[in-house]
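Right, one structure below, let's go through it.
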Amino acid sequence: MAVLPVERKPLSFAERTYMPQIFSGLKTTFKRMIKPAETLEYPEQRPTIPNGYRGVPTLVKDPHGREKCVSCQLCEFVCPPKAIRITPGEIPLESPTGHVEKAPQAFDIDMLRCIYCGLCQEVCPEEAIFLQNQYSMSGYSRAEMVNHKDRLYELGGTLPDKHYKWDKKKSAEDAAAHGGGHH
Amino acid sequence: MFDFFQYPFWLQGALKGLAVIAVIFPLAGACSMAERKISAWMQGRPGPNRATVPWIAWIPVLGPFLQRLGVFHLLADGAKFLFKEEPVPGHVNKLYYVLAPVIALIPALMTIVAVPFGAYLDGAGRVVPLILANVDIGILGVFAISSLGVYSLIIAGWASNSKYPFLGGIRASAQLISYELSMTLSVLPVFLWINVPGGQGTLSLAQCVAMQGGAWFGIWMPLSAFIFLVSLFAETNRQPFDMPESEADLVGGFHTEYGAFKWSMFFVAEYAHMLIGSGVFALLFLGGWNPLPWVSLADLVGWLQHLTGWAFVLHPLAVGLISIGIFLGKVLFLIFVFMWVRWTVPRFRYDQVMQLGWQKLLPLAIGNLILYALIIAWVQTRI
Amino acid sequence: MSAPSQRRLIFQHIDEPGYTNDLACYLKHGGYEVMKRAFARKPEELIDEVKKSGLRGRGGAGFPCGVKWTLVDRKSGKPIYLVVNADESEPGTFKDRYIIHQDPHQMIEGIMISCHANNVKQAYIYIRGEFPGGARILEKAIAEARAANFVGPNILGTNYSCEIYVHRGAGAYICGEETGLIESLEGKRAYPRIKPPYFPAVLGLDQCPTIVNNVETLCHVKHIVGMGGEAYSKIGTPNNTGTRILCVSGQVQRPGYYEYEVGKITMGQLLNEVCGGPLPGRTFKAVIPGGSSAKILRFGERFKGKRKVGAEMVDYDWGVEDVPMDFDSLGMIGTMGGSGGVIVMDDSVNMVEALGNINEFYAHESCGQCTPCREGSLWMKKITGRMVHGEGRSEDGALLKNVADQIAGRTICAFGEACAWPTQSFVLKFGDEFKAYPEAKKNAPADSLKLV
Amino acid sequence: MNLKPETFSRIDEVIPHYPVKRSAALPLLHLVQEDQGYISQEAIEWIAAKLELQPINIYELVTFYPMFRQKPIGRRHIKVCRTLSCALMGGYKACGEFEKQFNTHRGEISPDGEVTIEFVECLASCGTAPVVMIDDDLHEKVDCAKARELSARIKTEAATRQ
Amino acid sequence: MIAPPKPELVTVNIDGREIAVPKGTNIIEAARMVSVDVPHYCYHPKLTVVGNCRMCLVEMGLPAVDPATKAPIMDPATGKQKINWMPRPTIGCATNASPGLHIRTTSPMVKECREGVMEFLLINHPLDCPICDQAGECKLQEQATGYGRGYSRFIEQKNVKPKRTLLGPRVVLDDERCVLCSRCIRFCKEVAKDDVLGFIDRGSYSTLTAYPGKKLENNYSLNTVDICPVGALTSTDFRFKMRVWFLKQTNSIDTESSVGANTVVWSREGVIYRLTPRRNDAVNDTWMADSGRLLYKQVRTDDRLATVQVNGAESGRDIAVNAASERFKQGGVAIVGSGRSSVEEQFLAKKLAAALKAPAYLVSRVGKGDNLLISADRNPNVRGALVTGLIQTLPSAHLTELAASIDAGRIKTVVSLGEDLTAAGLSAAQLAKVSVIYLGTHANPTSAAAKIVFPGLTVFEKNGTFVNQQFRLQKFHKAVPGFTGAIDDLTVLAKLVAAASSSGTAVASEINALWTSLAAEIPALGTVLFKNLPETGLLLDSTPWAGLPYAESATLHYQLAQPALATA
């Protein structure tokens, strides 16, 4: 690697005493002191959350209350700090959402590990996991800092669904069952 | 006029000591509060504003105002320091470890007694300084005692038996020595001037004030004032010279291993040093209790009496309070300057501190002394 | 130029008053004489005659019959089977049905001659399930022939025995494909086989060598052996010898069967003169010349190029009316003679809907074995169906064409081409109609012809 | 398996026509369907056993070939050709007429149980389009008028039978 | 070792690269030899070719020859023989290598064909990868990524077919995912000889199904799941348990019989999720019995031995070894080895027997073979005991000789390597007479009666080798960490050997170190070492044991060698 000597600007006497800089610094701090505060007083005042904010990851349900996650485990796979742990499970056939077949039995996100990167949201093929506006997570123990499935749904709530993929599928199945096939 | 001087000697001493404690401790606490508030304002924050006390908080306007000002944090902090658990790490030398904060406090509080903080006019219209121990050695006493404060740092650093405190202690001692010289040299011209040829030799700070009824020495000898001020920063380990503490590289420096009340004693000592240093600076260069340059306390009182026509203005008590107020105002302003500088100028590197002390300030102080010696000699031989 | 008169070989007696399909009537008209003579000859000679005749298969592909026979594996020692492809299911084709119903013995004679020529001991007539009457007629005819010792053991006193059985299909177009037919005959789903290695001539029915010939082809064999290969080859045009039954259907005045020497009649003569032209008040719009899978021709388009006449190359510039009805000419202009089913459409027809009808047929008939045809045919049906039901987009024509391109040439059997060609040609030639269809659909009169 | 005796004899006759028994699957299915009207699951298993096959082999065929039915149909089976030539000449109209006459829909048994109307693919009589096959009989050039006439005939026959 | 006959080679040219392949190799296999991937669905190397998926379409050309003279036609531009490229693509699976055959797999036409076929396969596919167990090892995913167009033009309604159909007790069918490749049907017909699957309906509505009332329940049904290129057939046992991309694959050997089917163990974080067969053309092709796939469940059971025990009390390993050593010093030791132990364990058992001058026995397990991949001998490694010399003759099911010795009081201590002695015919009274040293994985009456118990490892938790019925030496690898508390059998055995030998010198227990002495002491193994043993195994010379009356009858790649001198 070549060494590139950088010519420094020669300093004037005043500059070498640093005094003008110190005084201009003092001026700055003083001016700043008499201006109103910039800070948000957190618990009373809440920030307005901008779009695309990446808060606590949550699971959401579709407007019909169906859990959207099908435990494909892609988020578990993609999660850089391995904060997500899913135990897949099967939906019984007789259940109203039996046509979806698969849903998580357990879904844990360890918020001590989570780095809020949002990859889980990005990778989710079912649009079931979202980093929403919730930004404060606290607890008294490590165990408390693990969000289980119930808590994740409670945090996530319901989001509008643009696709209704599974509903469409179900209606197609019902139509085929009643229409009696194709011939 | 006061029965005070009729009290037995020991009672006087005890009362004076209590007065010192009663003044210095709250002042130190107020300073810490001010520091947090000022730093917050300078950083665009509101600063501490949470703590509140029920009944006071219910007072309509004042309660919230005091809360926003963070006044109650002071109480909370004090209470916290008192009631917090006092851990003593296992690896320390217990005796010196406990001793260090006490040693820190002693010179800080002791110095106070030699610092005049106001004056009144006696019946003859003479200005009598208010001082707890009007010793003639004055400034020398202040210097002598306050320099002892560094021992506490060294002891704390050594007793902690841990590398950061140790380094902090070393730095403290080196720094103190480095800047003590410049500081002392910088005040010499003032005393050269005070001690007029043929007059009684004195190192009294009160005399110093008395000599500033006209122009302040700060105006007279700006370079001295400057050197003294910079050295004062270094002596009190304030930014940009807080090398012994230096939380970025030494965690907490000498007090890394301290907590709770012991730590608060260091804390109070630091502010006491600041207060004394500011006081001395005010006395030496800012005219002490003289309200303005070329306006002495006596002038002020005279005008007041003349303007208002109230006789009690000339009463020693009133004059004393006015003078204390003026003096305290100057001290507090200087405290503010300390804080202002702290949140403006970044900390020096240690070698820069040494370089500045030995290679810049010391020659400057010597040059300054020689220059003023010549000037004073010239002026005084002329007059 | 007026249309030449018909040259009836197969239909020599059919439609004659009093001609019935029983043996007595057939014998009265000189039936089984050719067979008797043929049985006196060596099989190799008969194959040679057929080769000399230049007879091309009448089932659709036009493969030379004689060549097909020579490809048969005779060394394996396994029995050789002859399967008659009477699974006439190409839309627009209806000649075999007529032959079976009107003159079954002609076909049986042709079969027996072919069997003798190829040393076949067992022949099957695979007849469409939709022809229950035809199957009964054939069974009766075979019983008659068996009784007369034309079929069965020791035929005509020789030590040659051959049986013919009628096998009914059950409604699958794909059985018209020879390997599909063989699979079906084996009692399986009619999944065409991959070639290689399953060429019927080597690995056909039950992995034995098998000859699969169309009904009309076998009838021609009878006439070839009767008149001699040389003489037969003089009929028609070189490389397109013999006569051919043209089945005209759709919107013309007189649809029906017409037998002509191959290549001696043009499309225009056939439609305008023989069939009496378009329906009153209509004009011809398009014609499919060889069954629904052949590529469509649009009236008004012109075909230019060079063709071989004798030894030299001659320029040609034809309209649709000028095209001679033979394999090569139709092939040259990008379509095919196929099975001879000519479907005529006039200006009342919307081509998108016509294609929708055809696509529905192919989607229904795809066997589902290999991917492109299975998925592609249904997709094309879904696209045209969607268009017809009012959800058309202007880009659908291009999409249809592209889907069809993805099918043709990539399937196991020729069904891929069969279902892709109509779409390709419809979009190519009536692209404007496909683009405009979403609009046209909105303005269509309520009583317009329904095709889907 | 409960079949008519002549069906049994025809089954026994047809099996030796083929070098491999399996080939007789289609003829057997035809025979059973003619006998019973449709192919029941029992029939599939019976045929499979008869031909020494697995039932799935026969099931595959029944579902592949559209002519085989797994459910009973009406007494008469009206099959209307819907392929291009017939459609061009009005096949859809003819079918609609039949539906109207019997008050039913394609693929269903009419309410009186008399007919089942179905669309089928090409019946190979395109020259006389549109064509309709009623059971085994082909009817050509079936326009709306003829469709009404045919319907009337079926209804009369049904009435006389009762 | 017997060299296979040299096949006739023909040279073909694939994407410009010449390669000599055995005549009759198809294009897919030939291309694989030059690392060219020809995508396919329906083709499977061990099943008949049907060519219905059309994914393997390639461009084919043959050297031009003059039709009259048969002389090659040269291309003046290149100076080589001209290639006549066929205008239509051809399928790779049904095209066999012939001399001079030229293949292009990357031409625009081939690319377009693949894009077309991929699009067709996907238009009616439900695209429910998130809930599909095949995701991650799905050919549709892989090839759509590799060869697909990347977008869909299909806006119509997809076909609806039955989902979640239980084809049998172990196989679930999702018809919408099926690409109708017919591999499963062919497998059932050709390999399992249980023709229950078929297609019904036709065209795009074709549906895979089992005949109503019939179930796909033969012992090879799960192979259909393995060969299904998509997620149409899934295993009930593995269904929704874990995504395959999390799973680590470890090569292993099936232990249910002496066939020694090659397997892959799929595990994640120490938990095994499934076993699948591994291709070995000389042993199991690509198949495996369903029964063997459940063997992983033995790893985590409640009756696993987890503590070293001495006289019923929990103890430490070295204490137990010392206790055993004490018993050895009293003499009268017998060793019951196992046909389920690895070759290495048998070798150390033999050393132990030699050091103690103790008789060694084995217990046979004979069941009914199914002539496919389960042989009559249900011990995976009886041949290993022969090779290592632990036994000289084939074992019997009952330890009558040992029982007699115990009754006679000659035997005071029995070392059992995982064999349940009560099951092998010893009575409780006989067991009570001796002190049993038991080294095994699971609790049983013998471990309960044993004075000293060493908890051992299952086949999934250790490295080792087996010798199968063909005398093929095959190795298995440690897939998951050992059960908590269990000790590697080799370590225990090595310590016991050291304790038993007069010199007391340490014996290697690490597998590679052990193999140096194995190879040195057993001539049949020649120069083989564990680390250089091929994953598909190595056939040993079986002539020294040719005449023995083995229990096996023929299986997939095994014919019982008739004693050569039987007639002489």
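Letters A, B, ... mark the chains of the structure tokens in the order given; residue numbers begin at 1 per chain; ligand numbers begin at 1, in order shown.
Using only C-alpha atoms, the protein and nucleic acid residues lying no more than 6 Å from Lys21 in chain D, apart from those fewer than 2 places from it along its own chain, are D:Ser23, D:Ala24, D:Leu51.
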key: Selection: 7 Å around Cys81 in chain D, only C-alpha atoms, excl. self and same-chain fewer than 3 positions, as a ChimeraX atom specification   = /D:86,91,119-123,130-132
Closest pair table for chain A residues within 8 Å of chain B, only C-alpha atoms, as JSON lines:
{"residue": "A:Ile22", "atom": "CA", "partner": "B:Val345", "partner_atom": "CA", "distance": 6.7}
{"residue": "A:Gly25", "atom": "CA", "partner": "B:Thr344", "partner_atom": "CA", "distance": 5.8}
{"residue": "A:Leu26", "atom": "CA", "partner": "B:Thr344", "partner_atom": "CA", "distance": 5.8}
{"residue": "A:Thr29", "atom": "CA", "partner": "B:Met42", "partner_atom": "CA", "distance": 5.5}
{"residue": "A:Phe30", "atom": "CA", "partner": "B:Met42", "partner_atom": "CA", "distance": 6.7}
{"residue": "A:Lys31", "atom": "CA", "partner": "B:Met42", "partner_atom": "CA", "distance": 8.0}
{"residue": "A:Arg32", "atom": "CA", "partner": "B:Met42", "partner_atom": "CA", "distance": 5.2}
{"residue": "A:Met33", "atom": "CA", "partner": "B:Met42", "partner_atom": "CA", "distance": 4.1}
{"residue": "A:Ile34", "atom": "CA", "partner": "B:Trp41", "partner_atom": "CA", "distance": 7.2}
{"residue": "A:Lys35", "atom": "CA", "partner": "B:Gly44", "partner_atom": "CA", "distance": 7.4}
{"residue": "A:Pro36", "atom": "CA", "partner": "B:Gly44", "partner_atom": "CA", "distance": 6.8}
{"residue": "A:Ala37", "atom": "CA", "partner": "B:Gly44", "partner_atom": "CA", "distance": 4.2}
{"residue": "A:Glu38", "atom": "CA", "partner": "B:Gly44", "partner_atom": "CA", "distance": 5.0}
{"residue": "A:Thr39", "atom": "CA", "partner": "B:Arg45", "partner_atom": "CA", "distance": 5.2}
Output of the above residues as a short mmCIF file (atom, residue, chain, number, x, y, z; two decimals), in the first residue's frame, restricted to N, CA and C atoms:
data_model
loop_
_atom_site.label_atom_id
_atom_site.label_comp_id
_atom_site.auth_asym_id
_atom_site.auth_seq_id
_atom_site.Cartn_x
_atom_site.Cartn_y
_atom_site.Cartn_z
N ILE A 22 -12.19 27.71 20.52
CA ILE A 22 -12.86 27.46 21.79
C ILE A 22 -13.98 28.47 21.99
N GLY A 25 -16.80 27.70 19.86
CA GLY A 25 -17.50 26.56 20.45
C GLY A 25 -18.38 27.00 21.60
N LEU A 26 -17.86 27.86 22.40
CA LEU A 26 -18.64 28.36 23.54
C LEU A 26 -19.87 29.09 23.05
N THR A 29 -22.44 26.47 21.97
CA THR A 29 -23.14 25.80 23.07
C THR A 29 -24.06 26.76 23.77
N PHE A 30 -23.64 28.00 23.89
CA PHE A 30 -24.48 28.94 24.60
C PHE A 30 -25.77 29.21 23.83
N LYS A 31 -25.59 29.37 22.50
CA LYS A 31 -26.77 29.60 21.67
C LYS A 31 -27.72 28.42 21.78
N ARG A 32 -27.11 27.26 21.78
CA ARG A 32 -27.91 26.05 21.84
C ARG A 32 -28.69 26.00 23.16
N MET A 33 -28.05 26.50 24.22
CA MET A 33 -28.63 26.39 25.53
C MET A 33 -29.92 27.20 25.65
N ILE A 34 -29.95 28.33 24.94
CA ILE A 34 -31.14 29.16 25.12
C ILE A 34 -32.22 28.84 24.10
N LYS A 35 -31.96 27.88 23.25
CA LYS A 35 -33.01 27.43 22.33
C LYS A 35 -33.87 26.40 23.04
N PRO A 36 -35.10 26.22 22.55
CA PRO A 36 -35.94 25.17 23.17
C PRO A 36 -35.37 23.78 22.92
N ALA A 37 -35.74 22.88 23.81
CA ALA A 37 -35.20 21.50 23.72
C ALA A 37 -35.77 20.78 22.51
N GLU A 38 -34.95 19.88 21.99
CA GLU A 38 -35.36 19.12 20.81
C GLU A 38 -35.98 17.79 21.20
N THR A 39 -35.69 17.34 22.38
CA THR A 39 -36.00 15.96 22.74
C THR A 39 -37.49 15.74 22.93
#
ask   = Which chain C residues are at most 12 Å from chain A (counting only C-alpha atoms), as a PyMOL selection string?
value = chain C and resi 360-361+363-365+378
The selected residues should be written to file as a CSV table (one decimal), in the first residue's frame (atoms: N, CA, C and O atoms).
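Result saved to out29.csv:
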chain,number,residue,atom,x,y,z
C,360,GLU,N,-61.9,-26.6,-27.1
C,360,GLU,CA,-62.6,-27.4,-26.2
C,360,GLU,C,-62.5,-28.9,-26.5
C,360,GLU,O,-62.4,-29.7,-25.6
C,361,PHE,N,-62.6,-29.1,-27.8
C,361,PHE,CA,-62.4,-30.5,-28.3
C,361,PHE,C,-61.1,-31.1,-27.8
C,361,PHE,O,-61.0,-32.1,-27.2
C,363,ALA,N,-58.9,-30.0,-25.6
C,363,ALA,CA,-58.7,-30.1,-24.2
C,363,ALA,C,-59.4,-31.3,-23.6
C,363,ALA,O,-58.9,-32.0,-22.7
C,364,HIS,N,-60.6,-31.6,-24.2
C,364,HIS,CA,-61.3,-32.8,-23.7
C,364,HIS,C,-60.7,-34.1,-24.1
C,364,HIS,O,-60.7,-35.1,-23.4
C,365,GLU,N,-60.0,-34.1,-25.3
C,365,GLU,CA,-59.5,-35.3,-25.8
C,365,GLU,C,-58.0,-35.6,-25.5
C,365,GLU,O,-57.5,-36.6,-25.8
C,378,LEU,N,-55.6,-27.5,-22.3
C,378,LEU,CA,-56.6,-27.0,-21.3
C,378,LEU,C,-56.4,-25.5,-21.2
C,378,LEU,O,-57.4,-24.8,-21.1
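Our summary of the geometry notes that CA of Ile100 in chain C is positioned 27.2 Å from CA of Arg41 in chain C.
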key: Near-Thr48 in chain A list (12 Å; only C-alpha atoms; drop same-chain fewer than 5 positions) as a ChimeraX atom specification   = /A:40,42,53,133-135
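Using only C-alpha atoms, the nearest neighbour of Val427 in chain C within the list C:Glu45, C:Asp322, C:Glu259, C:Glu395 is C:Glu395.
Across the model, the gap from CA of Asp303 in chain E to CA of Ala423 in chain E is 17.1 Å.
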inquiry  = Counting only C-alpha atoms, a student should be able to say which residues of chain E come within 12 Å of chain A; what is the right answer, written as a ChimeraX atom specification?
reply    = /E:126-136,156-166,174,176,201-206,236,238-247
